[in-house]
Amino acid sequence: MATASEDSAVAIAAPPASPTARHRPNIGLGLGIGTATLYLSLIVLIPLSAVVLRAFEDGWSGFWASITAPEAAAALKLTVLISILVAAINLVMGTLIAWVLVRDSFRGKAVVEMLIDLPFALPTIVAGLVLLSLYGPNSPLHVNLAYSRIGVLVALLFVTLPFVVRTVQPVLYELDPQMEEAAASLGAGKATTFRRIILPSLLPAMLSGTALAFARSISEFGSTVLISGNLPFQTQVAAVNIFGQIESDNITGAAAVSTVLLVVALAALLLLDALRKWGTHRG
Amino acid sequence: MARISLRVVALGYLLFLLVLPVGVIVFRTFENGVGAVIDALTTESALHAFQVTLYVAIPAVIANTIFGVGVAILLVRHRFRGRRLLDALVDLPLAVSPVVVGLALILVYGRFEPIGGWLADRGIDMIFSIPGMVMATIFVSLPLVVRAIAPVLEEIGVEQEQAAWTLGATSWQAFRRVTIPAIKWALAYGMVLSLARSLGEYGAVAVVSGRLVDQTQTMTLFVEERFQNFDQQAAYAAAFVLAVIAVISLLAINLLRPKEGSS
Amino acid sequence: MIRAQNVSKNFGTFAALTDVSVDIPPGSLTALLGPSGGGKSTLLRIIAGLETPDTGTIEIGGADSTRVSPQRRNVGFVFQHYAAFKHMTVAENVAFGLSIRKRPKAEIAKRVTELLELVHLEQFSQRYPAQLSGGQRQRMALARALAVEPQVLLLDEPFGALDAQVRKELRAWLRRLHDEVNVTTVFVTHDQEEAMEVADSIVVMAEGQVKQVGTPDELYERPASDFVMSFLGPVTTLHGRLVRPHDLLLTAEPGDGAVPAVVERVVRLGFEVRVDATVAGEPIWAQVTRYRARLLDLKSGDTVYVRELDRVDAVSTSSRESSARSA
């Protein structure tokens, strides 16, 4: 086995000294999982459980009383309804914008492409401030949406803008142009092709993005705080209601409304997961 | 024809929703000249807010980067019971409203709660102080680094690492010399996303910090507080700084974004 | 040099290897040949230490290596898709194993140059893998594996990702390299032509088991089973048995146990002629030389007589044909 130039060959051939002969990652794996679980528990799981526990401090009747309290109920109802509207608008506009970004070309498209992510990067309070300055009392466009539900709607549309666009774009890019060519050769017009060939392929992504937008919308706080004026029963969204209850030391009530938000958002994300699976099934 | 009208609708929507509002902030901020802006930004409160923001954001980004790399490797390179659960849990923060995050942390780490009390007895105050704000920020940006590097880890595959092992590298050496360089752009992308999110967090820190001016006030809290106190100049000035940081992050994110399709 | 004994490996409910024992002599060039999913790559990876067997042992160079980590086995491994370190230059790739062993810079540089010359990649030393062709990347991977003078070199379908032409070139090149460097080499392939051309000895594996071990000639001429026979070369059926199409003798007249066959098609394929026929309704095909085909002058529908050639025929036929030419 040793070659002629023994010293250097043997020296090179000898594997590096290492303290552990086994490379089986089981100990490291266990440690890794344990650490990750600990981190997640301390920061996410235990705190969230505490919210749910606190919400039921006075049992189911207490919980029910908290969420049917007039202000809380109104806030929840407004939040869910307006978020459904936000989701619907995003479904259409988001897909439209994604379409234009993928299929169209014009000067400055790269800049527009980049701008789409702005709501992700911009702090929500800054978003609220800028929307208020453009659409509030001192609006240069003479459009005053302050203290109105439309103001809240605009704020929510701002923060949810990227979701549908960014989930639909990759799918649009991957679409096989030959599918559309085949449809054209079989006599289908542009609208028909869109409706029967393209739309079905995009649908899972569209709905995924919409579910994300919905979940984000019901949770939104910072951008609505300024423009809405937080008028109870009128423009107060659930998150703002929760904040108010915390400030008034009504912790149980805050926890109850929080639990409802958590459940609704989780349901939306479960739906999202199911949609993704449906999407990959159809290939 | 249809193409033009689609384009107009899309760009119009973006103009009124995105571009004009952000454009207006520039005008409002510099309404009274650059001097006023600088004055507003150099008050003690403003500088303190800036400092607090960094003290909160930077540890959060570091913590989530370490966690993110570790969890991404766990999820992509290993199979174990509960892997799908871990995968789902990592995304959980996305479903939680910021104020609920704050509430959740208060309920566990507040002075009068079991864990919080235990820590307070040892002189560590979580709520109404920086540590709690760091935790809140970690919570909201938890998934970002993981999700940025997991797909890339998946894509490059395990063979390079295995090749390194056969050449004599230990797991750590392979990690340091092969894995990290291979994912460095995705990692940078995740870190920038995480930093942008951490700098911009409002709701969660609003609850957890008690919003004590000059003590636990971040830049975002500063914007809101100044605005509510009719100090528009300061509010806009700080908002402007945050917006500039956001735009720079945007540029960085777009440059670093893992490209569609592999080379 | 390498001894696998009673190795079994399951992935969930899939039995990748069942009680496999293989003995690989030092200095040899051995092919693990078989269809996909047969367990060849799994066995190779177990030898390398990238997988652990459920049962059985692996001995390398006389030492029990079953539970030894891949970094301590000192085996060189070459992957089908190169596993090049994309962010390092060719030189850095080749130097990797040596730098892990903390060899002095000068020594590393010398060895890297040596190896790059061996694989004819000297002028690419500062390039990145992405700038190389597939064949060049694989040569780099080989140089990288050889740099640390492994006791054993393992290659997992090394040419599978390359174009047909490059594959043929590198095949021959691997054989020459082995003759020069002389390290015990095992490679996995599903291409029987590759195995036959390159290897000293072939281990045929399918369904997680060893079907036969031998030299290319042994396997081709004395296959232990129908499976091995059909895997290693062309086959056709006569009298319910598998025979080699080129071992069939076609004659115009009956005799010597030949059976009648109806010609369906005659196809000229370059040097050889393929004759598709039926014997009592069962399809059969024979491979004959152009010379013979011209002699018989076959057309679709003709009747011809078929029997299997045996040794005696081979000798007498060739002596008859050569004496016919010299006369």
# chains A, B, ... in the order shown; residues from 1 in each chain; ligands from 1
$ residues_around --residues "range 145-159 of chain C" --least-positions-apart "3" --cutoff "6 Å" --atoms "only C-alpha atoms" --output "list in words"
Ile12 and Ala13 of chain A; Asn74, Val75, Gly76, Phe77, Val78, Phe79, Gln80, Leu142, Leu162, Arg167, Thr184, Thr185, Val186, Phe187, Val188 and Thr189 of chain C
$ write_last_selection --atoms "C-alpha atoms" --output "PDB file, in the first residue's frame"
ATOM      1  CA  ILE A  12      -0.435  12.942   2.780  1.00  0.00           C
ATOM      2  CA  ALA A  13      -2.447   9.763   2.921  1.00  0.00           C
TER       3      ALA A  13
ATOM      4  CA  ASN C  74      -9.299   8.007   3.215  1.00  0.00           C
ATOM      5  CA  VAL C  75     -11.419   7.047   0.223  1.00  0.00           C
ATOM      6  CA  GLY C  76     -11.636   9.216  -2.836  1.00  0.00           C
ATOM      7  CA  PHE C  77     -15.174   9.727  -4.129  1.00  0.00           C
ATOM      8  CA  VAL C  78     -16.278  11.098  -7.468  1.00  0.00           C
ATOM      9  CA  PHE C  79     -19.941  12.028  -7.897  1.00  0.00           C
ATOM     10  CA  GLN C  80     -22.075  11.789 -11.017  1.00  0.00           C
ATOM     11  CA  LEU C 142     -10.870  13.049 -10.112  1.00  0.00           C
ATOM     12  CA  LEU C 162     -21.879  13.695 -19.974  1.00  0.00           C
ATOM     13  CA  ARG C 167     -18.282   9.656 -22.176  1.00  0.00           C
ATOM     14  CA  THR C 184      -7.813   0.315  -6.255  1.00  0.00           C
ATOM     15  CA  THR C 185     -10.771   1.684  -8.143  1.00  0.00           C
ATOM     16  CA  VAL C 186     -14.457   0.828  -8.059  1.00  0.00           C
ATOM     17  CA  PHE C 187     -16.970   2.491 -10.316  1.00  0.00           C
ATOM     18  CA  VAL C 188     -20.719   2.200 -10.648  1.00  0.00           C
ATOM     19  CA  THR C 189     -22.401   2.122 -14.036  1.00  0.00           C
TER      20      THR C 189
END
$ interface_residues --of "chain C" --to "chain B" --cutoff "6 Å" --atoms "only C-alpha atoms" --output "PyMOL selection string"
chain C and resi 70-71+83+97
$ write_last_selection --atoms "C-alpha atoms" --output "short mmCIF file (atom, residue, chain, number, x, y, z; two decimals), in the first residue's frame"
data_model
loop_
_atom_site.label_atom_id
_atom_site.label_comp_id
_atom_site.auth_asym_id
_atom_site.auth_seq_id
_atom_site.Cartn_x
_atom_site.Cartn_y
_atom_site.Cartn_z
CA PRO C 70 -16.05 9.15 5.74
CA GLN C 71 -13.44 11.71 6.69
CA ALA C 83 -20.01 18.05 -6.63
CA GLY C 97 -8.16 17.78 0.91
#
$ residues_around --residues "range 91-100 of chain A" --least-positions-apart "4" --cutoff "10 Å" --atoms "only C-alpha atoms" --output "short mmCIF file (atom, residue, chain, number, x, y, z; two decimals) with N, CA and C atoms, in the first residue's frame"
data_model
loop_
_atom_site.label_atom_id
_atom_site.label_comp_id
_atom_site.auth_asym_id
_atom_site.auth_seq_id
_atom_site.Cartn_x
_atom_site.Cartn_y
_atom_site.Cartn_z
N LEU A 85 -62.76 42.32 1.74
CA LEU A 85 -62.75 43.25 0.62
C LEU A 85 -61.33 43.48 0.12
N VAL A 86 -60.41 43.68 1.07
CA VAL A 86 -59.00 43.88 0.73
C VAL A 86 -58.49 42.67 -0.05
N ALA A 87 -58.83 41.48 0.42
CA ALA A 87 -58.38 40.27 -0.25
C ALA A 87 -58.91 40.21 -1.67
N ASP A 104 -45.52 42.45 -20.06
CA ASP A 104 -45.38 43.72 -20.74
C ASP A 104 -43.95 44.21 -20.60
N SER A 105 -43.55 45.14 -21.45
CA SER A 105 -42.26 45.79 -21.20
C SER A 105 -42.37 47.25 -21.53
N PHE A 106 -41.80 48.08 -20.67
CA PHE A 106 -41.84 49.52 -20.87
C PHE A 106 -40.70 50.13 -20.09
N LYS A 109 -39.63 49.72 -16.14
CA LYS A 109 -40.27 48.55 -15.53
C LYS A 109 -39.46 48.01 -14.35
N GLU A 113 -40.83 47.21 -10.69
CA GLU A 113 -40.60 45.87 -10.15
C GLU A 113 -40.08 45.96 -8.72
N ILE A 116 -42.59 47.31 -5.88
CA ILE A 116 -43.63 46.42 -5.35
C ILE A 116 -43.29 45.96 -3.94
N THR A 160 -50.77 45.28 1.95
CA THR A 160 -50.93 43.93 1.40
C THR A 160 -50.58 43.85 -0.08
N LEU A 161 -50.19 44.98 -0.67
CA LEU A 161 -49.90 45.01 -2.10
C LEU A 161 -48.99 43.90 -2.61
N PRO A 162 -47.84 43.64 -1.96
CA PRO A 162 -46.90 42.70 -2.59
C PRO A 162 -47.36 41.25 -2.60
N PHE A 163 -48.29 40.87 -1.71
CA PHE A 163 -48.53 39.45 -1.52
C PHE A 163 -48.98 38.69 -2.76
N VAL A 164 -50.08 39.15 -3.36
CA VAL A 164 -50.56 38.41 -4.53
C VAL A 164 -49.58 38.55 -5.70
N VAL A 165 -49.07 39.75 -5.88
CA VAL A 165 -48.12 39.99 -6.99
C VAL A 165 -46.96 39.00 -6.91
N ARG A 166 -46.35 38.90 -5.74
CA ARG A 166 -45.15 38.08 -5.61
C ARG A 166 -45.41 36.59 -5.63
N THR A 167 -46.64 36.16 -5.32
CA THR A 167 -46.89 34.73 -5.43
C THR A 167 -47.28 34.36 -6.86
N VAL A 168 -47.89 35.29 -7.58
CA VAL A 168 -48.32 34.97 -8.95
C VAL A 168 -47.18 35.09 -9.96
N GLN A 169 -46.30 36.06 -9.75
CA GLN A 169 -45.23 36.28 -10.72
C GLN A 169 -44.41 35.05 -11.08
N PRO A 170 -43.88 34.33 -10.11
CA PRO A 170 -43.07 33.16 -10.48
C PRO A 170 -43.85 32.16 -11.33
N VAL A 171 -45.12 31.97 -11.00
CA VAL A 171 -45.92 31.01 -11.76
C VAL A 171 -46.11 31.49 -13.19
N LEU A 172 -46.34 32.78 -13.34
CA LEU A 172 -46.49 33.35 -14.68
C LEU A 172 -45.21 33.17 -15.50
N TYR A 173 -44.08 33.37 -14.83
CA TYR A 173 -42.80 33.20 -15.53
C TYR A 173 -42.64 31.77 -16.02
N LEU A 199 -55.61 31.07 -16.61
CA LEU A 199 -56.20 31.29 -15.29
C LEU A 199 -56.18 30.05 -14.40
N LEU A 202 -52.91 29.63 -12.89
CA LEU A 202 -52.53 30.66 -11.93
C LEU A 202 -53.34 30.59 -10.65
N LEU A 203 -54.49 29.94 -10.73
CA LEU A 203 -55.41 30.01 -9.61
C LEU A 203 -54.82 29.64 -8.25
N ALA A 205 -51.81 29.89 -7.10
CA ALA A 205 -50.93 30.96 -6.64
C ALA A 205 -51.73 32.20 -6.28
N MET A 206 -52.74 32.51 -7.08
CA MET A 206 -53.56 33.68 -6.80
C MET A 206 -54.23 33.54 -5.44
N LEU A 207 -54.77 32.36 -5.20
CA LEU A 207 -55.48 32.17 -3.95
C LEU A 207 -54.51 32.12 -2.75
N SER A 208 -53.33 31.55 -2.97
CA SER A 208 -52.34 31.55 -1.89
C SER A 208 -52.00 32.97 -1.49
N GLY A 209 -51.71 33.80 -2.48
CA GLY A 209 -51.36 35.18 -2.21
C GLY A 209 -52.49 35.89 -1.51
N THR A 210 -53.71 35.58 -1.93
CA THR A 210 -54.87 36.22 -1.32
C THR A 210 -55.02 35.82 0.15
N ALA A 211 -54.78 34.55 0.43
CA ALA A 211 -54.86 34.09 1.82
C ALA A 211 -53.82 34.82 2.67
N ALA A 213 -52.55 37.76 2.03
CA ALA A 213 -52.98 39.15 2.15
C ALA A 213 -54.06 39.27 3.22
N ARG B 3 -53.33 45.50 -23.97
CA ARG B 3 -52.08 45.61 -23.25
C ARG B 3 -51.90 47.01 -22.67
N ILE B 4 -52.19 48.02 -23.44
CA ILE B 4 -52.01 49.39 -22.96
C ILE B 4 -52.94 49.67 -21.79
N LEU B 6 -54.29 47.60 -19.70
CA LEU B 6 -53.85 46.86 -18.51
C LEU B 6 -52.70 47.60 -17.84
N ARG B 7 -51.77 48.04 -18.69
CA ARG B 7 -50.61 48.74 -18.17
C ARG B 7 -51.03 50.00 -17.43
N VAL B 8 -51.96 50.73 -18.04
CA VAL B 8 -52.40 51.99 -17.43
C VAL B 8 -53.06 51.73 -16.08
N VAL B 9 -53.93 50.74 -16.05
CA VAL B 9 -54.61 50.43 -14.80
C VAL B 9 -53.60 50.05 -13.72
N ALA B 10 -52.68 49.16 -14.08
CA ALA B 10 -51.68 48.69 -13.09
C ALA B 10 -50.84 49.86 -12.59
N LEU B 11 -50.32 50.64 -13.54
CA LEU B 11 -49.44 51.73 -13.13
C LEU B 11 -50.22 52.81 -12.38
N TYR B 13 -52.85 52.36 -10.46
CA TYR B 13 -53.06 51.84 -9.10
C TYR B 13 -51.81 52.04 -8.25
N LEU B 14 -50.67 51.68 -8.83
CA LEU B 14 -49.41 51.80 -8.10
C LEU B 14 -49.06 53.25 -7.83
#
$ residues_around --residues "Tyr305 in chain C" --least-positions-apart "2" --cutoff "6 Å" --atoms "only C-alpha atoms" --output "list of chain:residue names"
C:Leu250, C:Thr251, C:Pro254, C:Ala258, C:Val259, C:Pro260, C:Ala261
$ write_last_selection --atoms "N, CA and C atoms" --output "compact mmCIF listing (two decimals), in the first residue's frame"
# COMPACT_ATOMS: atom_id res chain seq x y z
N LEU C 250 -27.05 -19.38 -39.86
CA LEU C 250 -28.15 -19.47 -40.83
C LEU C 250 -27.65 -20.22 -42.04
N THR C 251 -28.39 -21.25 -42.46
CA THR C 251 -28.00 -22.00 -43.66
C THR C 251 -29.17 -22.10 -44.61
N PRO C 254 -31.34 -27.51 -44.76
CA PRO C 254 -31.51 -28.08 -43.41
C PRO C 254 -30.36 -29.02 -43.05
N ALA C 258 -30.79 -28.01 -37.44
CA ALA C 258 -31.31 -26.65 -37.70
C ALA C 258 -32.80 -26.70 -37.90
N VAL C 259 -33.47 -25.64 -37.45
CA VAL C 259 -34.93 -25.59 -37.61
C VAL C 259 -35.30 -24.54 -38.63
N PRO C 260 -36.44 -24.73 -39.31
CA PRO C 260 -36.82 -23.75 -40.31
C PRO C 260 -37.31 -22.46 -39.67
N ALA C 261 -36.98 -21.34 -40.34
CA ALA C 261 -37.43 -20.03 -39.86
C ALA C 261 -37.88 -19.22 -41.06
$ interface_residues --of "chain A" --to "chain B" --cutoff "7 Å" --atoms "only C-alpha atoms" --output "ChimeraX atom specification"
/A:15-16,36,43-44,47-48,50-51,96-97,100,114,117-118,121-126,130-131,134,158,215,219-222,239,243,258,262,265-266
$ write_last_selection --atoms "C-alpha atoms" --output "short mmCIF file (atom, residue, chain, number, x, y, z; two decimals), in the first residue's frame"
data_model
loop_
_atom_site.label_atom_id
_atom_site.label_comp_id
_atom_site.auth_asym_id
_atom_site.auth_seq_id
_atom_site.Cartn_x
_atom_site.Cartn_y
_atom_site.Cartn_z
CA PRO A 15 -6.46 11.22 7.30
CA PRO A 16 -6.55 14.32 9.51
CA ALA A 36 -34.43 25.02 18.00
CA ILE A 43 -40.15 33.13 22.08
CA VAL A 44 -43.23 31.90 20.24
CA PRO A 47 -46.14 33.34 24.91
CA LEU A 48 -48.89 32.49 22.43
CA ALA A 50 -50.31 32.32 27.50
CA VAL A 51 -52.57 34.52 25.41
CA LEU A 96 -53.20 42.27 -13.04
CA ILE A 97 -49.99 43.89 -11.82
CA VAL A 100 -48.16 43.53 -16.58
CA MET A 114 -38.53 47.01 -7.21
CA ASP A 117 -41.61 45.27 -2.35
CA LEU A 118 -41.73 48.69 -0.71
CA ALA A 121 -39.58 47.19 3.70
CA LEU A 122 -41.37 50.30 4.94
CA PRO A 123 -42.30 50.51 8.62
CA THR A 124 -46.07 50.39 9.03
CA ILE A 125 -46.21 53.61 10.99
CA VAL A 126 -44.38 55.41 8.21
CA VAL A 130 -47.48 58.99 4.28
CA LEU A 131 -51.00 57.87 3.47
CA LEU A 134 -51.58 62.37 0.90
CA PHE A 158 -50.96 49.49 0.79
CA ALA A 215 -54.02 37.10 7.17
CA SER A 219 -53.47 41.59 11.84
CA GLU A 220 -52.54 45.05 10.68
CA PHE A 221 -51.93 47.74 13.27
CA GLY A 222 -49.40 50.46 12.52
CA ALA A 239 -55.54 45.15 16.48
CA PHE A 243 -53.99 47.74 21.98
CA SER A 258 -56.29 38.26 20.20
CA LEU A 262 -55.04 34.07 15.91
CA ALA A 265 -55.24 33.92 10.72
CA LEU A 266 -54.26 30.30 11.33
#
$ residues_around --residues "range 268-284 of chain C" --least-positions-apart "2" --cutoff "10 Å" --atoms "only C-alpha atoms" --output "NGL selection string"
:C and (235-240 or 243 or 245-246 or 250 or 259-266 or 286-294 or 298-306)
$ write_last_selection --atoms "C-alpha atoms" --output "tab-separated table (two decimals), in the first residue's frame"
chain	number	residue	atom	x	y	z
C	235	VAL	CA	-30.08	-11.98	-26.71
C	236	THR	CA	-32.79	-13.76	-28.59
C	237	THR	CA	-34.75	-16.94	-27.90
C	238	LEU	CA	-34.41	-20.31	-29.61
C	239	HIS	CA	-36.10	-23.46	-28.30
C	240	GLY	CA	-37.08	-21.54	-25.17
C	243	VAL	CA	-28.87	-17.39	-27.19
C	245	PRO	CA	-27.88	-13.50	-32.04
C	246	HIS	CA	-24.37	-13.59	-33.40
C	250	LEU	CA	-28.15	-19.47	-40.83
C	259	VAL	CA	-34.93	-25.59	-37.61
C	260	PRO	CA	-36.82	-23.75	-40.31
C	261	ALA	CA	-37.43	-20.03	-39.86
C	262	VAL	CA	-39.43	-17.59	-41.96
C	263	VAL	CA	-37.60	-14.35	-42.65
C	264	GLU	CA	-39.59	-11.22	-41.75
C	265	ARG	CA	-37.08	-8.45	-42.29
C	266	VAL	CA	-33.47	-8.05	-43.30
C	286	ALA	CA	-29.86	-13.28	-35.89
C	287	GLN	CA	-26.79	-11.20	-36.53
C	288	VAL	CA	-24.73	-12.22	-39.53
C	289	THR	CA	-21.89	-10.69	-41.49
C	290	ARG	CA	-22.59	-8.98	-44.82
C	291	TYR	CA	-20.61	-11.72	-46.47
C	292	ARG	CA	-22.91	-14.39	-45.14
C	293	ALA	CA	-26.01	-12.36	-45.89
C	294	ARG	CA	-24.92	-11.96	-49.47
C	298	LEU	CA	-32.35	-13.52	-48.01
C	299	LYS	CA	-35.59	-11.70	-48.60
C	300	SER	CA	-38.73	-11.28	-46.57
C	301	GLY	CA	-40.76	-14.49	-46.80
C	302	ASP	CA	-37.82	-16.81	-47.50
C	303	THR	CA	-37.27	-19.90	-45.43
C	304	VAL	CA	-33.87	-20.32	-43.81
C	305	TYR	CA	-32.49	-22.85	-41.34
C	306	VAL	CA	-31.30	-21.76	-37.93
$ select_by_dssp --residues "range 105-260 of chain B" --states "helix (DSSP H, G or I)" --output "ChimeraX atom specification"
/B:105-109,114-121,130-156,159-166,171-200,203-209,219-228,232-256
$ residues_around --residues "Val225 in chain A" --least-positions-apart "2" --cutoff "9 Å" --atoms "only C-alpha atoms" --output "number ranges by chain"
A: 125, 128, 152, 221-223, 227-230, 236-237, 240
$ write_last_selection --atoms "C-alpha atoms" --output "PDB file, in the first residue's frame"
ATOM      1  CA  ILE A 125     -46.208  53.612  10.991  1.00  0.00           C
ATOM      2  CA  GLY A 128     -49.656  55.292   7.857  1.00  0.00           C
ATOM      3  CA  VAL A 152     -58.556  52.163   6.562  1.00  0.00           C
ATOM      4  CA  PHE A 221     -51.925  47.741  13.267  1.00  0.00           C
ATOM      5  CA  GLY A 222     -49.396  50.456  12.517  1.00  0.00           C
ATOM      6  CA  SER A 223     -50.674  51.749   9.199  1.00  0.00           C
ATOM      7  CA  ILE A 227     -55.461  57.622   9.254  1.00  0.00           C
ATOM      8  CA  SER A 228     -58.394  55.984  10.922  1.00  0.00           C
ATOM      9  CA  GLY A 229     -58.489  58.083  14.031  1.00  0.00           C
ATOM     10  CA  ASN A 230     -59.393  54.869  15.804  1.00  0.00           C
ATOM     11  CA  GLN A 236     -61.325  50.837  14.901  1.00  0.00           C
ATOM     12  CA  VAL A 237     -59.789  47.610  13.691  1.00  0.00           C
ATOM     13  CA  VAL A 240     -56.189  48.700  17.619  1.00  0.00           C
TER      14      VAL A 240
END
